[in-house]
$ cat data_11.csv   # CSV, C-alpha atoms
chain,number,residue,atom,x,y,z
O,1337,MET,CA,49.2,-61.1,39.0
O,1338,PRO,CA,49.6,-57.3,39.0
O,1339,VAL,CA,46.4,-55.2,38.6
O,1340,ASP,CA,46.0,-54.3,35.0
O,1341,VAL,CA,43.4,-51.6,35.4
O,1342,SER,CA,44.1,-48.4,37.4
O,1343,PHE,CA,41.9,-45.8,39.0
O,1344,GLU,CA,43.1,-43.4,36.4
O,1345,ASP,CA,41.5,-45.7,33.8
O,1346,VAL,CA,38.3,-45.4,35.7
O,1347,ARG,CA,38.6,-41.6,35.8
O,1348,ALA,CA,39.2,-41.5,32.1
O,1349,ALA,CA,36.2,-43.8,31.5
O,1350,SER,CA,34.0,-41.5,33.6
O,1351,GLY,CA,34.8,-38.5,31.4
O,1352,ARG,CA,34.3,-40.5,28.2
O,1353,ILE,CA,30.9,-42.1,29.0
O,1354,ALA,CA,29.3,-39.3,31.1
O,1355,PRO,CA,27.3,-37.8,28.1
O,1356,HIS,CA,26.0,-41.3,27.2
O,1357,ILE,CA,24.8,-42.7,30.5
O,1358,HIS,CA,22.7,-41.7,33.6
O,1359,ARG,CA,24.2,-40.7,36.9
O,1360,THR,CA,22.0,-43.0,38.9
O,1361,PRO,CA,20.4,-42.0,42.2
O,1362,VAL,CA,21.2,-43.4,45.6
O,1363,LEU,CA,18.1,-44.5,47.6
O,1364,THR,CA,17.7,-45.2,51.3
O,1365,SER,CA,15.0,-46.7,53.5
O,1366,GLU,CA,14.7,-46.5,57.3
O,1367,LEU,CA,12.8,-49.8,57.4
O,1368,LEU,CA,15.6,-51.6,55.5
O,1369,ASP,CA,18.1,-50.0,57.8
O,1370,GLU,CA,16.3,-51.4,60.8
O,1371,MET,CA,16.2,-54.8,59.2
O,1372,ALA,CA,19.9,-54.7,58.5
O,1373,GLY,CA,21.0,-52.9,61.7
O,1374,ALA,CA,23.1,-50.7,59.4
O,1375,ARG,CA,22.8,-47.6,57.2
O,1376,LEU,CA,22.2,-48.8,53.7
O,1377,PHE,CA,22.8,-46.7,50.6
O,1378,PHE,CA,21.5,-48.3,47.4
O,1379,LYS,CA,23.2,-47.2,44.1
O,1380,CYS,CA,20.4,-47.8,41.7
O,1381,GLU,CA,21.9,-49.1,38.4
O,1382,ASN,CA,18.5,-50.6,37.7
O,1383,PHE,CA,17.6,-47.0,36.7
O,1384,GLN,CA,20.6,-47.0,34.3
O,1385,LYS,CA,20.1,-46.9,30.5
O,1386,THR,CA,19.4,-50.4,29.2
O,1387,GLY,CA,18.4,-51.3,32.8
O,1388,SER,CA,21.8,-52.2,34.2
O,1389,PHE,CA,25.3,-51.1,35.0
O,1390,LYS,CA,26.5,-52.9,31.9
O,1391,ILE,CA,26.1,-49.8,29.7
O,1392,ARG,CA,29.0,-48.2,31.5
O,1393,GLY,CA,31.6,-50.7,30.5
O,1394,ALA,CA,30.1,-51.4,27.1
O,1395,THR,CA,30.1,-47.7,26.2
O,1396,ASN,CA,33.6,-47.1,27.4
O,1397,ALA,CA,34.8,-50.1,25.3
O,1398,VAL,CA,33.0,-49.0,22.1
O,1399,LEU,CA,34.1,-45.4,22.4
O,1400,SER,CA,37.7,-46.6,23.0
O,1401,LEU,CA,37.9,-48.3,19.6
O,1402,SER,CA,39.7,-46.7,16.8
O,1403,GLU,CA,37.7,-45.6,13.8
O,1404,ASP,CA,39.0,-48.5,11.7
O,1405,ASP,CA,38.1,-51.0,14.4
O,1406,ALA,CA,34.8,-49.5,15.2
O,1407,LYS,CA,33.5,-49.6,11.6
O,1408,ARG,CA,33.9,-53.3,11.4
O,1409,GLY,CA,31.5,-53.7,14.4
O,1410,VAL,CA,31.6,-55.6,17.7
O,1411,VAL,CA,30.9,-59.1,18.9
O,1412,THR,CA,30.1,-60.4,22.4
O,1413,HIS,CA,28.4,-63.3,24.2
O,1414,SER,CA,26.1,-62.6,27.0
O,1415,SER,CA,23.0,-63.9,28.8
O,1416,GLY,CA,21.4,-60.5,28.5
O,1417,ASN,CA,22.4,-57.3,30.2
O,1418,HIS,CA,25.9,-56.9,28.5
O,1419,ALA,CA,24.2,-57.9,25.3
O,1420,ALA,CA,21.7,-55.1,25.5
O,1421,ALA,CA,24.3,-52.6,26.7
O,1422,LEU,CA,26.7,-53.4,23.9
O,1423,SER,CA,24.0,-53.3,21.3
O,1424,ARG,CA,23.0,-49.8,22.5
O,1425,ALA,CA,26.6,-48.6,22.7
O,1426,ALA,CA,27.2,-49.8,19.1
O,1427,GLN,CA,24.0,-48.2,17.9
O,1428,GLY,CA,25.1,-44.9,19.4
O,1429,ARG,CA,28.3,-45.0,17.5
O,1430,GLY,CA,26.6,-46.3,14.3
O,1431,VAL,CA,28.3,-49.6,14.1
O,1432,PRO,CA,26.9,-53.2,13.9
O,1433,ALA,CA,26.8,-55.5,16.9
O,1434,TRP,CA,26.7,-59.3,16.7
O,1435,ILE,CA,25.4,-60.9,19.9
O,1436,VAL,CA,25.7,-64.5,21.0
O,1437,MET,CA,23.0,-65.4,23.5
O,1438,PRO,CA,22.3,-68.8,25.2
O,1439,SER,CA,19.0,-70.3,24.1
O,1440,ASN,CA,17.6,-70.1,27.6
O,1441,ALA,CA,18.3,-66.3,28.1
O,1442,PRO,CA,15.2,-64.5,29.3
O,1443,ALA,CA,12.9,-63.4,26.5
O,1444,VAL,CA,12.8,-59.8,28.0
O,1445,LYS,CA,16.6,-59.6,27.5
O,1446,LYS,CA,16.5,-60.9,24.0
O,1447,ALA,CA,13.8,-58.4,23.1
O,1448,ALA,CA,16.0,-55.6,24.5
O,1449,VAL,CA,18.9,-56.6,22.4
O,1450,ARG,CA,16.8,-56.6,19.2
O,1451,ALA,CA,15.3,-53.2,20.2
O,1452,TYR,CA,18.8,-51.7,20.3
O,1453,GLY,CA,19.7,-53.2,16.9
O,1454,GLY,CA,21.8,-56.1,18.1
O,1455,GLN,CA,21.9,-59.2,15.8
O,1456,ILE,CA,21.3,-62.3,17.9
O,1457,THR,CA,22.9,-65.7,17.3
O,1458,GLU,CA,21.6,-68.3,19.7
O,1459,CYS,CA,23.7,-71.1,21.1
O,1460,GLU,CA,23.6,-73.9,23.6
O,1461,PRO,CA,23.6,-72.6,27.2
O,1462,THR,CA,27.2,-73.5,28.0
O,1463,LEU,CA,30.3,-71.3,28.2
O,1464,ALA,CA,32.0,-73.5,25.6
O,1465,ALA,CA,29.2,-72.9,23.1
O,1466,ARG,CA,29.2,-69.2,23.8
O,1467,ASP,CA,32.9,-69.0,23.1
O,1468,SER,CA,33.0,-71.1,20.0
O,1469,THR,CA,30.0,-69.3,18.5
O,1470,ALA,CA,31.5,-65.9,19.2
O,1471,GLN,CA,34.8,-67.0,17.6
O,1472,GLU,CA,33.0,-68.0,14.5
O,1473,LEU,CA,31.4,-64.6,14.3
O,1474,LEU,CA,34.7,-62.9,14.8
O,1475,ARG,CA,36.2,-64.9,11.9
O,1476,ARG,CA,33.3,-64.1,9.6
O,1477,THR,CA,32.9,-60.4,10.4
O,1478,GLY,CA,36.4,-59.1,11.3
O,1479,ALA,CA,34.7,-57.3,14.2
O,1480,SER,CA,36.2,-56.5,17.6
O,1481,MET,CA,35.4,-58.8,20.6
O,1482,ILE,CA,34.0,-56.8,23.6
O,1483,HIS,CA,34.0,-59.5,26.3
O,1484,PRO,CA,31.5,-59.0,29.1
O,1485,TYR,CA,34.3,-58.8,31.7
O,1486,ASP,CA,37.7,-59.9,30.3
O,1487,ASN,CA,38.3,-56.4,29.0
O,1488,ARG,CA,40.2,-53.5,30.6
O,1489,GLU,CA,37.9,-50.8,29.2
O,1490,VAL,CA,34.8,-52.7,30.3
O,1491,ILE,CA,36.2,-53.1,33.9
O,1492,ALA,CA,37.2,-49.4,34.0
O,1493,GLY,CA,33.7,-48.4,32.9
O,1494,GLN,CA,32.0,-50.5,35.5
O,1495,GLY,CA,34.2,-48.9,38.2
O,1496,THR,CA,32.5,-45.5,37.5
O,1497,ALA,CA,29.5,-46.8,39.5
O,1498,ALA,CA,31.5,-46.9,42.7
O,1499,MET,CA,33.2,-43.7,41.9
O,1500,GLU,CA,29.9,-41.9,41.7
O,1501,LEU,CA,28.6,-43.6,44.9
O,1502,LEU,CA,31.6,-42.6,46.9
O,1503,GLU,CA,31.6,-39.1,45.6
O,1504,GLU,CA,28.0,-38.7,46.9
O,1505,ILE,CA,28.1,-40.8,50.1
O,1506,ALA,CA,31.4,-40.4,52.0
O,1507,ASP,CA,32.9,-42.7,54.6
O,1508,LEU,CA,31.3,-45.9,53.7
O,1509,ASP,CA,32.4,-48.9,55.8
O,1510,PHE,CA,31.4,-51.5,53.2
O,1511,ILE,CA,30.6,-51.6,49.5
O,1512,LEU,CA,28.7,-54.7,48.2
O,1513,ALA,CA,28.3,-55.8,44.6
O,1514,PRO,CA,27.4,-59.0,42.8
O,1515,VAL,CA,30.1,-61.1,41.3
O,1516,SER,CA,29.9,-63.3,38.2
O,1517,GLY,CA,32.7,-63.0,35.7
O,1518,GLY,CA,34.1,-60.3,38.0
O,1519,GLY,CA,34.0,-57.3,35.8
O,1520,LEU,CA,31.7,-55.2,38.0
O,1521,LEU,CA,33.4,-56.3,41.3
O,1522,SER,CA,36.8,-55.6,39.8
O,1523,GLY,CA,35.9,-52.1,38.8
O,1524,ILE,CA,34.1,-51.4,42.0
O,1525,SER,CA,37.1,-52.6,44.1
O,1526,ILE,CA,39.6,-50.5,42.1
O,1527,SER,CA,37.5,-47.3,42.6
O,1528,ALA,CA,36.6,-48.1,46.2
O,1529,LYS,CA,40.1,-48.8,47.4
O,1530,ALA,CA,41.5,-45.8,45.6
O,1531,LEU,CA,39.0,-43.4,47.1
O,1532,ASN,CA,38.8,-45.0,50.6
O,1533,PRO,CA,41.5,-47.5,51.4
O,1534,LYS,CA,39.8,-48.5,54.7
O,1535,ILE,CA,36.5,-49.6,53.0
O,1536,ARG,CA,35.7,-53.3,52.9
O,1537,VAL,CA,34.8,-54.6,49.5
O,1538,VAL,CA,32.4,-57.5,49.5
O,1539,GLY,CA,31.4,-59.7,46.6
O,1540,CYS,CA,28.1,-61.4,46.7
O,1541,GLU,CA,27.0,-64.5,44.8
O,1542,PRO,CA,24.5,-67.3,44.9
O,1543,LYS,CA,25.4,-70.5,46.7
O,1544,ASN,CA,24.3,-72.2,43.5
O,1545,ALA,CA,27.0,-70.3,41.6
O,1546,ASP,CA,29.7,-69.8,44.1
O,1547,ASP,CA,32.8,-70.2,41.9
O,1548,ALA,CA,34.2,-66.8,43.0
O,1549,PHE,CA,34.0,-67.8,46.6
O,1550,ARG,CA,35.7,-71.1,45.9
O,1551,SER,CA,38.3,-69.4,43.7
O,1552,LEU,CA,39.4,-66.9,46.3
O,1553,ALA,CA,39.5,-69.6,48.9
O,1554,SER,CA,41.6,-72.0,46.9
O,1555,GLY,CA,43.9,-69.5,45.2
O,1556,LYS,CA,43.0,-70.6,41.7
O,1557,ILE,CA,40.1,-70.2,39.3
O,1558,GLU,CA,37.5,-72.7,40.0
O,1559,SER,CA,34.9,-74.0,37.4
O,1560,ALA,CA,31.3,-72.8,37.5
O,1561,ALA,CA,28.8,-74.7,39.6
O,1562,LYS,CA,26.3,-76.8,37.7
O,1563,ALA,CA,23.3,-75.9,39.8
O,1564,GLU,CA,20.7,-73.5,38.5
O,1565,THR,CA,20.1,-70.1,40.1
O,1566,ILE,CA,17.4,-67.5,39.7
O,1567,ALA,CA,20.2,-64.9,39.4
O,1568,ASP,CA,20.6,-65.6,35.7
O,1569,GLY,CA,23.2,-62.9,35.2
O,1570,LEU,CA,25.6,-64.5,37.7
O,1571,ARG,CA,26.5,-67.7,35.9
O,1572,ALA,CA,29.9,-66.8,34.4
O,1573,THR,CA,33.3,-67.7,35.8
O,1574,LEU,CA,36.3,-65.5,36.6
O,1575,CYS,CA,39.1,-64.9,34.1
O,1576,PRO,CA,42.8,-64.4,35.0
O,1577,LEU,CA,42.4,-60.6,34.7
O,1578,THR,CA,39.4,-60.3,37.1
O,1579,PHE,CA,40.8,-63.0,39.4
O,1580,GLY,CA,44.0,-61.1,39.9
O,1581,ILE,CA,42.1,-57.9,40.7
O,1582,LEU,CA,39.7,-59.6,43.1
O,1583,ARG,CA,42.5,-61.4,45.0
O,1584,GLU,CA,44.3,-58.1,45.6
O,1585,ARG,CA,41.4,-55.9,46.5
O,1586,VAL,CA,38.3,-57.8,47.6
O,1587,ASP,CA,38.0,-58.5,51.3
O,1588,GLN,CA,35.3,-61.2,51.4
O,1589,ILE,CA,32.8,-63.1,49.3
O,1590,GLU,CA,29.3,-63.7,50.8
O,1591,THR,CA,27.0,-66.4,49.3
O,1592,VAL,CA,23.2,-66.5,49.6
O,1593,SER,CA,20.6,-69.2,49.0
O,1594,GLU,CA,17.9,-69.0,46.3
O,1595,ASP,CA,15.3,-68.3,49.0
O,1596,GLU,CA,17.4,-65.5,50.4
O,1597,ILE,CA,17.8,-64.0,47.0
O,1598,VAL,CA,14.0,-64.0,46.5
O,1599,GLY,CA,13.5,-62.6,50.0
O,1600,ALA,CA,15.9,-59.7,49.4
O,1601,MET,CA,14.3,-59.0,46.0
O,1602,ARG,CA,10.9,-58.8,47.5
O,1603,ALA,CA,12.1,-56.6,50.4
O,1604,LEU,CA,13.6,-54.1,47.8
O,1605,TRP,CA,10.4,-54.1,45.7
O,1606,GLU,CA,8.2,-53.6,48.7
O,1607,ARG,CA,10.3,-51.0,50.6
O,1608,LEU,CA,12.1,-49.1,47.9
O,1609,LYS,CA,9.2,-49.4,45.4
O,1610,ILE,CA,11.6,-50.2,42.6
O,1611,VAL,CA,12.1,-53.1,40.2
O,1612,VAL,CA,15.3,-55.0,41.0
O,1613,GLU,CA,16.3,-58.2,39.2
O,1614,PRO,CA,17.5,-61.3,41.2
O,1615,SER,CA,21.2,-60.7,40.3
O,1616,GLY,CA,20.9,-57.2,41.8
O,1617,ALA,CA,19.1,-58.5,44.9
O,1618,VAL,CA,22.1,-60.8,45.5
O,1619,ALA,CA,24.2,-57.8,46.5
O,1620,ALA,CA,21.6,-56.6,49.1
O,1621,ALA,CA,20.9,-60.0,50.7
O,1622,PRO,CA,24.0,-60.3,52.9
O,1623,ALA,CA,23.4,-56.8,54.4
O,1624,LEU,CA,19.7,-57.3,54.9
O,1625,LEU,CA,20.5,-60.7,56.6
O,1626,GLY,CA,23.1,-59.0,58.9
O,1627,ARG,CA,26.0,-61.2,57.6
O,1628,LEU,CA,28.7,-58.6,57.3
O,1629,GLY,CA,30.0,-58.8,60.8
O,1630,ALA,CA,29.6,-55.1,61.0
O,1631,ALA,CA,29.1,-52.9,64.0
O,1632,HIS,CA,25.6,-51.6,64.5
O,1633,GLY,CA,25.0,-48.6,62.4
O,1634,ALA,CA,27.8,-49.3,59.9
O,1635,ARG,CA,27.5,-47.4,56.6
O,1636,VAL,CA,27.0,-49.9,53.7
O,1637,GLY,CA,26.9,-49.1,50.0
O,1638,ILE,CA,25.1,-51.6,47.8
O,1639,ILE,CA,25.3,-51.7,44.0
O,1640,LEU,CA,21.8,-52.7,42.7
O,1641,SER,CA,23.2,-53.9,39.4
O,1642,GLY,CA,20.0,-54.1,37.3
O,1643,GLY,CA,16.3,-54.3,36.9
O,1644,ASN,CA,15.6,-56.3,33.8
O,1645,VAL,CA,12.9,-58.8,34.9
O,1646,ASP,CA,10.4,-60.7,33.0
O,1647,LEU,CA,7.3,-59.6,34.8
O,1648,SER,CA,5.4,-62.7,33.8
O,1649,GLU,CA,7.9,-64.9,35.7
O,1650,LEU,CA,8.2,-63.2,39.1
O,1651,PRO,CA,9.2,-65.5,42.0
O,1652,PHE,CA,6.7,-64.1,44.4

$ encode --input "data_11.csv" --output "structure tokens"
Amino acid sequence: MPVDVSFEDVRAASGRIAPHIHRTPVLTSELLDEMAGARLFFKCENFQKTGSFKIRGATNAVLSLSEDDAKRGVVTHSSGNHAAALSRAAQGRGVPAWIVMPSNAPAVKKAAVRAYGGQITECEPTLAARDSTAQELLRRTGASMIHPYDNREVIAGQGTAAMELLEEIADLDFILAPVSGGGLLSGISISAKALNPKIRVVGCEPKNADDAFRSLASGKIESAAKAETIADGLRATLCPLTFGILRERVDQIETVSEDEIVGAMRALWERLKIVVEPSGAVAAAPALLGRLGAAHGARVGIILSGGNVDLSELPF
């Protein structure tokens, strides 16, 4: 499948969304470098508006709608971060947002959606229930579907995170990002390979939700794993659009256990003094565990995708 999103789309998204998002900082830690045996550069999307990278793609998608389409509002399904991001992006344009969320989505993420004006419809925690509920809302409202990752404008918006990182930190050997439905990793890979063709793009996911690893190994989209994972934002499966992009541009997928996710999360909290959610810690874990097969002192960029954590449910 040919890549359906270009680096020019990412550049256009960057200009479109710049007034509406933060240019997030890049943090470093000598202690974490020693642990990893590499130079680590953390792109802190946990400091982004709505607490995650998702505002990039959601904003680009909402701002790309025509006036006629925008006034009818937007619909999506999401476990949390895309839901909050789309709600805020819609609020910024003055249009309604109808959000389908699984009943087991974290309370902190439901509260964020409501705070940004999103109208929540809960469903059973299955992909089939999400899809069917979203389709009913689309029929009832006439709104536009802004899928969390199966959307060209969303992918282009997510790619701006890597574009910013590589503009600030040159000559990275690796760039790591979590993978779920593949929107972030697709955008990251498009930007990274355009700006530095020699860079190795690494997707990171829980062993309990390793469908991207299995899909790239088998050459076809594999179904989601049924096991639970603490990384609640990484439960989606690839779509044909993201699968095609990842097959062409991603060099490897690394999987990590639940204990390794918690260990990476704790290391980031303790050493960087920042709040990182489990899904974001997944991207740091392979580097901190020395699993990249990199030469000592390799330069590694890591996308910390979000920081939306229910502080009453910490795993440590």

$ closest_atom_pairs --input "data_11.csv" --of "range 1446-1491 of chain O" --to "range 1646-1650 of chain O" --cutoff "12 Å" --atoms "all atoms listed in the file" --output "JSON lines"
{"residue": "O:Lys1446", "atom": "CA", "partner": "O:Asp1646", "partner_atom": "CA", "distance": 10.9}
{"residue": "O:Ala1447", "atom": "CA", "partner": "O:Asp1646", "partner_atom": "CA", "distance": 10.7}
{"residue": "O:Ala1448", "atom": "CA", "partner": "O:Asp1646", "partner_atom": "CA", "distance": 11.4}

$ residues_around --input "data_11.csv" --residues "range 1377-1393 of chain O" --least-positions-apart "5" --cutoff "7 Å" --atoms "all atoms listed in the file" --output "PyMOL selection string"
chain O and resi 1353+1357-1358+1360-1364+1417-1418+1420-1422+1489-1494+1501+1612+1636-1644

$ residues_near_point --input "data_11.csv" --point "(36.5, -50.2, 48.0)" --cutoff "10 Å" --atoms "all atoms listed in the file" --output "PyMOL selection string"
chain O and resi 1498-1499+1502+1508-1512+1521-1538+1585-1587+1637

$ residues_near_point --input "data_11.csv" --point "(34.6, -40.0, 33.6)" --cutoff "10 Å" --atoms "only C-alpha atoms" --output "VMD selection string"
chain O and resid 1344 to 1355 1396 1492 to 1493 1496 1499 to 1500

$ atom_distance --input "data_11.csv" --atom1 "CA of Ala1545 in chain O" --atom2 "CA of Lys1445 in chain O"
20.5 Å

$ atom_distance --input "data_11.csv" --atom1 "CA of Thr1573 in chain O" --atom2 "CA of Gly1599 in chain O"
24.9 Å

$ closest_residue --input "data_11.csv" --among "O:Gln1588, O:Asn1544, O:Ser1402, O:Thr1469" --to "Ala1561 in chain O" --atoms "all atoms listed in the file"
O:Asn1544
